[in-house]
Amino acid sequence: MNHFEYKNGVMHVEQVPMGTIAQAVGTPVYVYSTATLERHVRVFQEALAPLPDPLVAFAVKANPNAAVLATLARLGLGADVVSAGELRRAVAAGIEPGKIVFSGVGKTADEMRLALDLGIFQFNLESEQEAEMLSEIALSMNKVAPVAYRINPDVDAGTHEKISTGKSENKFGIPYERAIASYDRAAQLAGLDVQGVAIHIGSQLTDLTPLALAFEKLGVLIEDLRDEGHDIRTADLGGGLGVPYDSSLPVPPLPAIYGEMVKRIVQDWNVRMVFEPGRVIVGNAGALLTEVIRVKQGATQPFVIVDAAMNDLLRPSLYDAWHDIRAIKPRGKQTSATVVGPVCESGDTFAKNREMDVVQAGDLLAFMTAGAYGATMANTYNSRALTPEVLVSGDKWAVVRQRPPIETLIEGDIIPDWVR
Ligand SMILES: *Cc1c(COP(=O)(O)O)cnc(C)c1O
């Protein structure tokens, strides 16, 4: 459920007409709904309610905007970060270090030092080599690093291959078969407190079966590790729950159903549970608002050319992702069209032969469900400015990231004297 709804034939986000934002800020612009964020957090927390004190660590990479993070911090969420930049942004937005998990296969020594300094909740390690490096750094700083290993359960998540992370050929985690040996090794390393296990098998999962399979394997491993004398106190089940993108398809499992599955599997684990949801919290809380530049009649179909492009919303070109496309003020007629941006790549296509509202130059459109992996993947390809962001709450709204002037691109480059 989200708060982008038509009132008197015009799409509003909560109580603000989308057109008001387009007029004031210009397009393209990302628009987020606070009420939707709050609702999604509440639904997720309620789904896990019977678990004792679960840590819900929002996957910052899905949407690192400070105003979004501050909203989630206010609701009690922690953060799952994958870089020093994300760690610093999370802390700057008010997320307590004691609620932060650090994931990722390539943590550097500097990143480890920063996280140890701040005192984060847990490092999710992805190799024995990483454990050795963290041990040395923690020792040199006179600290003890709380760690878990991310286990690669060799489970096919059944999602797009570019967002599938739990197969043995993926770069993520330690192999399930090597887990005991890796834990034995980590337990011998000074400066580490081996406290938990972690898993994350992929994103936009629309079937709970692979998740359940992976969690069950993790449960078996916890028992085996305890038999070997490891004091496992935390279990991090990652993120990955899918959201509805295409309103004509069946909706993915709701958080409540996910929660029931989790509770059934983990009831005897006796650990503090950790979750790392990203998309399910922010996906439907955002839309990318764009203006139609012109409609061009191609040889076989009409092209709707909009002022947003693949640099603003990369998902369709990167993952063949679907975003519902809706007119802000529908004209009451439908057509079939291909929606493209101005970037000089054929991959700059948002939708092919899409049944959609009839539009004309100057009309506003929204790409729905763009709150996750949207603005954060934006770039300046074709020397286009980074996309601004707006947060709405009730009848209030604010620019929470400005559109930088093109001068920042020009001034950022340096021409050495010997070129001039
Ligand atoms: C990306 C990621 C997540 C969040 O995934 P969603 O599909 O957005 O829920 C959680 N944990 C890790 C380690 C990730 O890389």
# chains A, B, ... in the order shown; residues from 1 in each chain; ligands from 1

$ residues_around --residues "A:His230" --least-positions-apart "5" --cutoff "12 Å" --atoms "only C-alpha atoms" --output "ChimeraX atom specification"
/A:148,179-188,193-197,221-225

$ residues_around --residues "A:Ala70" --least-positions-apart "3" --cutoff "9 Å" --atoms "only C-alpha atoms" --output "ChimeraX atom specification"
/A:65-67,73-75,90,92-95

$ write_last_selection --atoms "N, CA and C atoms" --output "PDB file, in the first residue's frame"
ATOM      1  N   ASN A  65      19.163   8.629   1.400  1.00  0.00           N
ATOM      2  CA  ASN A  65      18.881  10.044   1.647  1.00  0.00           C
ATOM      3  C   ASN A  65      18.740  10.294   3.159  1.00  0.00           C
ATOM      4  N   ALA A  66      19.367  11.348   3.646  1.00  0.00           N
ATOM      5  CA  ALA A  66      19.404  11.632   5.086  1.00  0.00           C
ATOM      6  C   ALA A  66      18.011  11.794   5.679  1.00  0.00           C
ATOM      7  N   ALA A  67      17.111  12.426   4.938  1.00  0.00           N
ATOM      8  CA  ALA A  67      15.766  12.642   5.486  1.00  0.00           C
ATOM      9  C   ALA A  67      15.008  11.321   5.594  1.00  0.00           C
ATOM     10  N   ALA A  73      15.160   6.216  11.415  1.00  0.00           N
ATOM     11  CA  ALA A  73      15.809   6.223  12.737  1.00  0.00           C
ATOM     12  C   ALA A  73      14.791   6.564  13.817  1.00  0.00           C
ATOM     13  N   ARG A  74      13.942   7.552  13.512  1.00  0.00           N
ATOM     14  CA  ARG A  74      12.905   7.968  14.468  1.00  0.00           C
ATOM     15  C   ARG A  74      11.966   6.809  14.782  1.00  0.00           C
ATOM     16  N   LEU A  75      11.800   5.899  13.829  1.00  0.00           N
ATOM     17  CA  LEU A  75      10.904   4.752  14.031  1.00  0.00           C
ATOM     18  C   LEU A  75      11.649   3.577  14.669  1.00  0.00           C
ATOM     19  N   ALA A  90      24.579   7.094   7.675  1.00  0.00           N
ATOM     20  CA  ALA A  90      23.609   6.543   8.628  1.00  0.00           C
ATOM     21  C   ALA A  90      23.770   7.207   9.992  1.00  0.00           C
ATOM     22  N   ALA A  92      25.236  10.089  10.627  1.00  0.00           N
ATOM     23  CA  ALA A  92      24.910  11.517  10.512  1.00  0.00           C
ATOM     24  C   ALA A  92      23.400  11.741  10.543  1.00  0.00           C
ATOM     25  N   ALA A  93      22.638  10.770  10.055  1.00  0.00           N
ATOM     26  CA  ALA A  93      21.178  10.918  10.023  1.00  0.00           C
ATOM     27  C   ALA A  93      20.535  10.519  11.350  1.00  0.00           C
ATOM     28  N   GLY A  94      21.348  10.064  12.296  1.00  0.00           N
ATOM     29  CA  GLY A  94      20.802   9.784  13.627  1.00  0.00           C
ATOM     30  C   GLY A  94      20.606   8.317  13.956  1.00  0.00           C
ATOM     31  N   ILE A  95      21.153   7.435  13.146  1.00  0.00           N
ATOM     32  CA  ILE A  95      21.046   6.005  13.470  1.00  0.00           C
ATOM     33  C   ILE A  95      22.173   5.642  14.439  1.00  0.00           C
TER      34      ILE A  95
END

$ residues_near_ligand --ligand "ligand 1" --cutoff "10 Å" --atoms "only C-alpha atoms and all ligand atoms" --output "PDB file with N, CA and C atoms, in the first residue's frame"
ATOM      1  N   ALA A  57      17.567  -3.631  10.631  1.00  0.00           N
ATOM      2  CA  ALA A  57      18.640  -2.774  10.125  1.00  0.00           C
ATOM      3  C   ALA A  57      18.353  -2.484   8.650  1.00  0.00           C
ATOM      4  N   PHE A  58      17.870  -1.286   8.391  1.00  0.00           N
ATOM      5  CA  PHE A  58      17.501  -0.893   7.025  1.00  0.00           C
ATOM      6  C   PHE A  58      18.733  -0.932   6.110  1.00  0.00           C
ATOM      7  N   ALA A  59      18.598  -1.567   4.961  1.00  0.00           N
ATOM      8  CA  ALA A  59      19.701  -1.633   3.989  1.00  0.00           C
ATOM      9  C   ALA A  59      19.859  -0.271   3.329  1.00  0.00           C
ATOM     10  N   VAL A  60      20.841   0.477   3.787  1.00  0.00           N
ATOM     11  CA  VAL A  60      21.004   1.877   3.386  1.00  0.00           C
ATOM     12  C   VAL A  60      21.177   2.024   1.883  1.00  0.00           C
ATOM     13  N   LYS A  61      21.767   1.012   1.233  1.00  0.00           N
ATOM     14  CA  LYS A  61      22.002   1.161  -0.200  1.00  0.00           C
ATOM     15  C   LYS A  61      20.704   1.335  -0.985  1.00  0.00           C
ATOM     16  N   ALA A  62      19.575   0.881  -0.435  1.00  0.00           N
ATOM     17  CA  ALA A  62      18.304   1.027  -1.138  1.00  0.00           C
ATOM     18  C   ALA A  62      17.882   2.497  -1.237  1.00  0.00           C
ATOM     19  N   ASN A  63      18.174   3.265  -0.192  1.00  0.00           N
ATOM     20  CA  ASN A  63      17.868   4.705  -0.220  1.00  0.00           C
ATOM     21  C   ASN A  63      18.621   5.418   0.900  1.00  0.00           C
ATOM     22  N   ALA A  79      20.687   0.175  10.815  1.00  0.00           N
ATOM     23  CA  ALA A  79      21.115   0.245   9.416  1.00  0.00           C
ATOM     24  C   ALA A  79      22.036  -0.908   9.071  1.00  0.00           C
ATOM     25  N   ASP A  80      21.909  -1.361   7.834  1.00  0.00           N
ATOM     26  CA  ASP A  80      22.860  -2.307   7.247  1.00  0.00           C
ATOM     27  C   ASP A  80      23.634  -1.498   6.220  1.00  0.00           C
ATOM     28  N   VAL A  81      24.956  -1.386   6.411  1.00  0.00           N
ATOM     29  CA  VAL A  81      25.762  -0.548   5.526  1.00  0.00           C
ATOM     30  C   VAL A  81      26.809  -1.400   4.815  1.00  0.00           C
ATOM     31  N   VAL A  82      27.255  -0.902   3.671  1.00  0.00           N
ATOM     32  CA  VAL A  82      28.237  -1.666   2.889  1.00  0.00           C
ATOM     33  C   VAL A  82      29.456  -0.823   2.507  1.00  0.00           C
ATOM     34  N   VAL A 101      24.877  -2.789  11.233  1.00  0.00           N
ATOM     35  CA  VAL A 101      25.561  -3.989  10.755  1.00  0.00           C
ATOM     36  C   VAL A 101      26.363  -3.578   9.525  1.00  0.00           C
ATOM     37  N   PHE A 102      27.594  -4.064   9.418  1.00  0.00           N
ATOM     38  CA  PHE A 102      28.455  -3.722   8.279  1.00  0.00           C
ATOM     39  C   PHE A 102      28.606  -4.967   7.398  1.00  0.00           C
ATOM     40  N   SER A 103      28.034  -4.916   6.187  1.00  0.00           N
ATOM     41  CA  SER A 103      28.090  -6.032   5.237  1.00  0.00           C
ATOM     42  C   SER A 103      29.037  -5.697   4.091  1.00  0.00           C
ATOM     43  N   GLY A 104      29.276  -6.657   3.223  1.00  0.00           N
ATOM     44  CA  GLY A 104      30.042  -6.400   2.001  1.00  0.00           C
ATOM     45  C   GLY A 104      31.327  -7.210   1.923  1.00  0.00           C
ATOM     46  N   VAL A 105      31.674  -7.622   0.708  1.00  0.00           N
ATOM     47  CA  VAL A 105      32.836  -8.510   0.521  1.00  0.00           C
ATOM     48  C   VAL A 105      34.166  -7.781   0.558  1.00  0.00           C
ATOM     49  N   ASN A 124      29.532  -8.251   9.417  1.00  0.00           N
ATOM     50  CA  ASN A 124      29.220  -9.509   8.738  1.00  0.00           C
ATOM     51  C   ASN A 124      30.388  -9.835   7.808  1.00  0.00           C
ATOM     52  N   ARG A 150      28.929 -14.255   7.057  1.00  0.00           N
ATOM     53  CA  ARG A 150      27.816 -14.403   6.116  1.00  0.00           C
ATOM     54  C   ARG A 150      28.000 -15.742   5.424  1.00  0.00           C
ATOM     55  N   ILE A 163      20.740  -9.760  -9.154  1.00  0.00           N
ATOM     56  CA  ILE A 163      20.451  -9.494  -7.741  1.00  0.00           C
ATOM     57  C   ILE A 163      20.279 -10.796  -6.967  1.00  0.00           C
ATOM     58  N   SER A 164      20.923 -11.849  -7.476  1.00  0.00           N
ATOM     59  CA  SER A 164      20.924 -13.147  -6.823  1.00  0.00           C
ATOM     60  C   SER A 164      22.279 -13.290  -6.133  1.00  0.00           C
ATOM     61  N   THR A 165      22.303 -13.593  -4.843  1.00  0.00           N
ATOM     62  CA  THR A 165      23.575 -13.547  -4.103  1.00  0.00           C
ATOM     63  C   THR A 165      23.869 -14.811  -3.299  1.00  0.00           C
ATOM     64  N   PHE A 172      29.488 -13.799  -2.769  1.00  0.00           N
ATOM     65  CA  PHE A 172      29.120 -13.449  -1.402  1.00  0.00           C
ATOM     66  C   PHE A 172      29.256 -14.596  -0.403  1.00  0.00           C
ATOM     67  N   GLY A 173      29.699 -14.257   0.804  1.00  0.00           N
ATOM     68  CA  GLY A 173      29.669 -15.199   1.920  1.00  0.00           C
ATOM     69  C   GLY A 173      30.745 -16.263   1.867  1.00  0.00           C
ATOM     70  N   ALA A 198      24.998 -15.021   9.612  1.00  0.00           N
ATOM     71  CA  ALA A 198      24.263 -14.102   8.741  1.00  0.00           C
ATOM     72  C   ALA A 198      24.068 -14.736   7.371  1.00  0.00           C
ATOM     73  N   ILE A 199      23.051 -14.217   6.682  1.00  0.00           N
ATOM     74  CA  ILE A 199      22.704 -14.760   5.370  1.00  0.00           C
ATOM     75  C   ILE A 199      21.965 -13.669   4.597  1.00  0.00           C
ATOM     76  N   HIS A 200      22.115 -13.652   3.293  1.00  0.00           N
ATOM     77  CA  HIS A 200      21.304 -12.755   2.447  1.00  0.00           C
ATOM     78  C   HIS A 200      21.387 -13.332   1.038  1.00  0.00           C
ATOM     79  N   ILE A 201      20.295 -13.875   0.543  1.00  0.00           N
ATOM     80  CA  ILE A 201      20.397 -14.673  -0.692  1.00  0.00           C
ATOM     81  C   ILE A 201      19.998 -13.920  -1.951  1.00  0.00           C
ATOM     82  N   GLY A 202      19.500 -12.693  -1.823  1.00  0.00           N
ATOM     83  CA  GLY A 202      19.145 -11.964  -3.039  1.00  0.00           C
ATOM     84  C   GLY A 202      18.043 -10.968  -2.775  1.00  0.00           C
ATOM     85  N   SER A 203      17.665 -10.290  -3.832  1.00  0.00           N
ATOM     86  CA  SER A 203      16.714  -9.188  -3.695  1.00  0.00           C
ATOM     87  C   SER A 203      15.513  -9.409  -4.605  1.00  0.00           C
ATOM     88  N   GLN A 204      14.420  -8.713  -4.280  1.00  0.00           N
ATOM     89  CA  GLN A 204      13.173  -8.806  -5.042  1.00  0.00           C
ATOM     90  C   GLN A 204      12.725 -10.273  -5.155  1.00  0.00           C
ATOM     91  N   LEU A 205      12.719 -10.972  -4.011  1.00  0.00           N
ATOM     92  CA  LEU A 205      12.260 -12.363  -3.988  1.00  0.00           C
ATOM     93  C   LEU A 205      10.732 -12.372  -3.919  1.00  0.00           C
ATOM     94  N   ASP A 236      21.310 -13.174  11.591  1.00  0.00           N
ATOM     95  CA  ASP A 236      20.893 -12.099  10.686  1.00  0.00           C
ATOM     96  C   ASP A 236      20.351 -12.746   9.408  1.00  0.00           C
ATOM     97  N   LEU A 237      19.055 -12.535   9.141  1.00  0.00           N
ATOM     98  CA  LEU A 237      18.426 -13.197   7.996  1.00  0.00           C
ATOM     99  C   LEU A 237      18.433 -12.348   6.733  1.00  0.00           C
ATOM    100  N   GLY A 238      19.123 -11.196   6.766  1.00  0.00           N
ATOM    101  CA  GLY A 238      19.257 -10.378   5.556  1.00  0.00           C
ATOM    102  C   GLY A 238      17.956  -9.710   5.153  1.00  0.00           C
ATOM    103  N   GLY A 239      17.898  -9.335   3.879  1.00  0.00           N
ATOM    104  CA  GLY A 239      16.692  -8.692   3.354  1.00  0.00           C
ATOM    105  C   GLY A 239      16.152  -9.528   2.215  1.00  0.00           C
ATOM    106  N   GLY A 240      15.641  -8.862   1.185  1.00  0.00           N
ATOM    107  CA  GLY A 240      15.297  -9.578  -0.035  1.00  0.00           C
ATOM    108  C   GLY A 240      13.833  -9.680  -0.381  1.00  0.00           C
ATOM    109  N   LEU A 241      12.949  -9.366   0.586  1.00  0.00           N
ATOM    110  CA  LEU A 241      11.521  -9.519   0.311  1.00  0.00           C
ATOM    111  C   LEU A 241      11.113  -8.604  -0.850  1.00  0.00           C
ATOM    112  N   GLY A 242      10.394  -9.175  -1.810  1.00  0.00           N
ATOM    113  CA  GLY A 242      10.013  -8.433  -3.005  1.00  0.00           C
ATOM    114  C   GLY A 242       8.837  -7.496  -2.759  1.00  0.00           C
ATOM    115  N   VAL A 243       8.679  -6.550  -3.672  1.00  0.00           N
ATOM    116  CA  VAL A 243       7.543  -5.624  -3.616  1.00  0.00           C
ATOM    117  C   VAL A 243       6.812  -5.699  -4.952  1.00  0.00           C
ATOM    118  N   PHE A 275      17.385  -8.344  10.937  1.00  0.00           N
ATOM    119  CA  PHE A 275      16.834  -8.320   9.582  1.00  0.00           C
ATOM    120  C   PHE A 275      17.384  -7.102   8.849  1.00  0.00           C
ATOM    121  N   GLU A 276      17.542  -7.238   7.555  1.00  0.00           N
ATOM    122  CA  GLU A 276      18.120  -6.152   6.750  1.00  0.00           C
ATOM    123  C   GLU A 276      17.218  -5.784   5.566  1.00  0.00           C
ATOM    124  N   PRO A 277      15.968  -5.396   5.826  1.00  0.00           N
ATOM    125  CA  PRO A 277      15.091  -5.080   4.703  1.00  0.00           C
ATOM    126  C   PRO A 277      15.487  -3.750   4.060  1.00  0.00           C
ATOM    127  N   GLY A 278      15.415  -3.693   2.751  1.00  0.00           N
ATOM    128  CA  GLY A 278      15.673  -2.440   2.043  1.00  0.00           C
ATOM    129  C   GLY A 278      14.458  -2.073   1.221  1.00  0.00           C
ATOM    130  N   ARG A 279      14.326  -2.786   0.103  1.00  0.00           N
ATOM    131  CA  ARG A 279      13.267  -2.497  -0.866  1.00  0.00           C
ATOM    132  C   ARG A 279      11.868  -2.477  -0.246  1.00  0.00           C
ATOM    133  N   VAL A 280      11.591  -3.433   0.632  1.00  0.00           N
ATOM    134  CA  VAL A 280      10.225  -3.558   1.148  1.00  0.00           C
ATOM    135  C   VAL A 280       9.849  -2.346   2.019  1.00  0.00           C
ATOM    136  N   ILE A 281      10.854  -1.654   2.544  1.00  0.00           N
ATOM    137  CA  ILE A 281      10.580  -0.467   3.357  1.00  0.00           C
ATOM    138  C   ILE A 281      10.368   0.774   2.472  1.00  0.00           C
ATOM    139  N   VAL A 282      11.224   0.938   1.461  1.00  0.00           N
ATOM    140  CA  VAL A 282      11.201   2.212   0.718  1.00  0.00           C
ATOM    141  C   VAL A 282      10.653   2.127  -0.713  1.00  0.00           C
ATOM    142  N   GLY A 283      10.571   0.914  -1.282  1.00  0.00           N
ATOM    143  CA  GLY A 283      10.214   0.788  -2.699  1.00  0.00           C
ATOM    144  C   GLY A 283       8.955   1.549  -3.072  1.00  0.00           C
ATOM    145  N   ALA A 372      13.221   2.610  -3.970  1.00  0.00           N
ATOM    146  CA  ALA A 372      14.374   1.762  -3.652  1.00  0.00           C
ATOM    147  C   ALA A 372      15.244   1.604  -4.887  1.00  0.00           C
ATOM    148  N   TYR A 373      16.549   1.742  -4.711  1.00  0.00           N
ATOM    149  CA  TYR A 373      17.502   1.581  -5.817  1.00  0.00           C
ATOM    150  C   TYR A 373      17.158   2.514  -6.984  1.00  0.00           C
TER     151      TYR A 373
END

$ select_by_dssp --residues "stretch 195-344 of chain A" --states "strand (DSSP E or B)" --output "PyMOL selection string"
chain A and resi 195-198+202+205+234-236+241+272-275+286-297+302-306+325-327+334-340

$ write_last_selection --atoms "C-alpha atoms" --output "PDB file, in the first residue's frame"
ATOM      1  CA  GLN A 195      28.726 -13.827  18.046  1.00  0.00           C
ATOM      2  CA  GLY A 196      26.559 -14.754  15.115  1.00  0.00           C
ATOM      3  CA  VAL A 197      25.567 -16.045  11.721  1.00  0.00           C
ATOM      4  CA  ALA A 198      24.263 -14.102   8.741  1.00  0.00           C
ATOM      5  CA  GLY A 202      19.145 -11.964  -3.039  1.00  0.00           C
ATOM      6  CA  LEU A 205      12.260 -12.363  -3.988  1.00  0.00           C
ATOM      7  CA  THR A 234      22.783 -13.458  16.828  1.00  0.00           C
ATOM      8  CA  ALA A 235      21.237 -14.568  13.530  1.00  0.00           C
ATOM      9  CA  ASP A 236      20.893 -12.099  10.686  1.00  0.00           C
ATOM     10  CA  LEU A 241      11.521  -9.519   0.311  1.00  0.00           C
ATOM     11  CA  ARG A 272      18.833 -12.082  18.846  1.00  0.00           C
ATOM     12  CA  MET A 273      17.324 -11.889  15.356  1.00  0.00           C
ATOM     13  CA  VAL A 274      18.533  -9.299  12.858  1.00  0.00           C
ATOM     14  CA  PHE A 275      16.834  -8.320   9.582  1.00  0.00           C
ATOM     15  CA  GLY A 286       8.773   6.693  -3.798  1.00  0.00           C
ATOM     16  CA  ALA A 287       7.965   7.707  -7.348  1.00  0.00           C
ATOM     17  CA  LEU A 288      10.009   9.389 -10.041  1.00  0.00           C
ATOM     18  CA  LEU A 289       8.106  12.348 -11.437  1.00  0.00           C
ATOM     19  CA  THR A 290       8.896  13.281 -15.019  1.00  0.00           C
ATOM     20  CA  GLU A 291       7.559  15.490 -17.804  1.00  0.00           C
ATOM     21  CA  VAL A 292       6.808  14.413 -21.343  1.00  0.00           C
ATOM     22  CA  ILE A 293       9.139  16.327 -23.679  1.00  0.00           C
ATOM     23  CA  ARG A 294       7.431  15.166 -26.852  1.00  0.00           C
ATOM     24  CA  VAL A 295       5.649  12.255 -28.445  1.00  0.00           C
ATOM     25  CA  LYS A 296       7.378  11.019 -31.583  1.00  0.00           C
ATOM     26  CA  GLN A 297       5.820   8.699 -34.130  1.00  0.00           C
ATOM     27  CA  PRO A 302       4.817   5.964 -30.812  1.00  0.00           C
ATOM     28  CA  PHE A 303       7.711   6.952 -28.557  1.00  0.00           C
ATOM     29  CA  VAL A 304       6.923   8.944 -25.446  1.00  0.00           C
ATOM     30  CA  ILE A 305      10.112  10.881 -24.732  1.00  0.00           C
ATOM     31  CA  VAL A 306      10.318  11.984 -21.107  1.00  0.00           C
ATOM     32  CA  ILE A 325       3.828   4.417 -15.447  1.00  0.00           C
ATOM     33  CA  ARG A 326       0.918   6.685 -14.638  1.00  0.00           C
ATOM     34  CA  ALA A 327      -0.195  10.066 -15.854  1.00  0.00           C
ATOM     35  CA  GLN A 334      -5.329   4.501 -23.107  1.00  0.00           C
ATOM     36  CA  THR A 335      -2.720   3.812 -25.772  1.00  0.00           C
ATOM     37  CA  SER A 336       0.264   1.579 -26.407  1.00  0.00           C
ATOM     38  CA  ALA A 337       3.626   3.356 -26.466  1.00  0.00           C
ATOM     39  CA  THR A 338       7.327   2.940 -25.795  1.00  0.00           C
ATOM     40  CA  VAL A 339       8.613   5.244 -23.072  1.00  0.00           C
ATOM     41  CA  VAL A 340      12.196   6.447 -23.432  1.00  0.00           C
TER      42      VAL A 340
END

$ atom_distance --atom1 "atom CA of A:Asn353" --atom2 "atom CA of A:Ala375"
25.2 Å

$ closest_residue --among "A:Asp363, A:Val25, A:Glu128, A:Pro175" --to "A:Thr387" --atoms "only C-alpha atoms"
A:Val25

$ closest_residue --among "A:Phe215, A:Tyr32, A:Phe4, A:Tyr176" --to "A:Gln267" --atoms "only C-alpha atoms"
A:Phe215

$ select_by_dssp --residues "stretch 112-332 of chain A" --states "alpha helix (DSSP H)" --output "MDAnalysis selection string"
chainID A and resid 112:118 128:140 179:188 209:227 255:266 279:282 315:319

$ closest_residue --among "A:Pro388, A:Gly191, A:Gly9, A:Pro50" --to "A:Arg403" --atoms "only C-alpha atoms"
A:Pro388

$ closest_residue --among "A:Leu386, A:Pro250, A:Asn170, A:Ala285" --to "A:Ile151" --atoms "only C-alpha atoms"
A:Asn170

$ residues_around --residues "A:Lys167" --least-positions-apart "4" --cutoff "7 Å" --atoms "only C-alpha atoms" --output "PyMOL selection string"
chain A and resi 152-156

$ residues_around --residues "stretch 135-143 of chain A" --least-positions-apart "6" --cutoff "10 Å" --atoms "only C-alpha atoms" --output "list of chain:residue names"
A:Ala109, A:Asp110, A:Met112, A:Arg113, A:Leu116, A:Asp117, A:Gly119, A:Gln129, A:Ala186, A:Gln188, A:Leu189, A:Ala190, A:Gly191, A:Leu192, A:Asp193
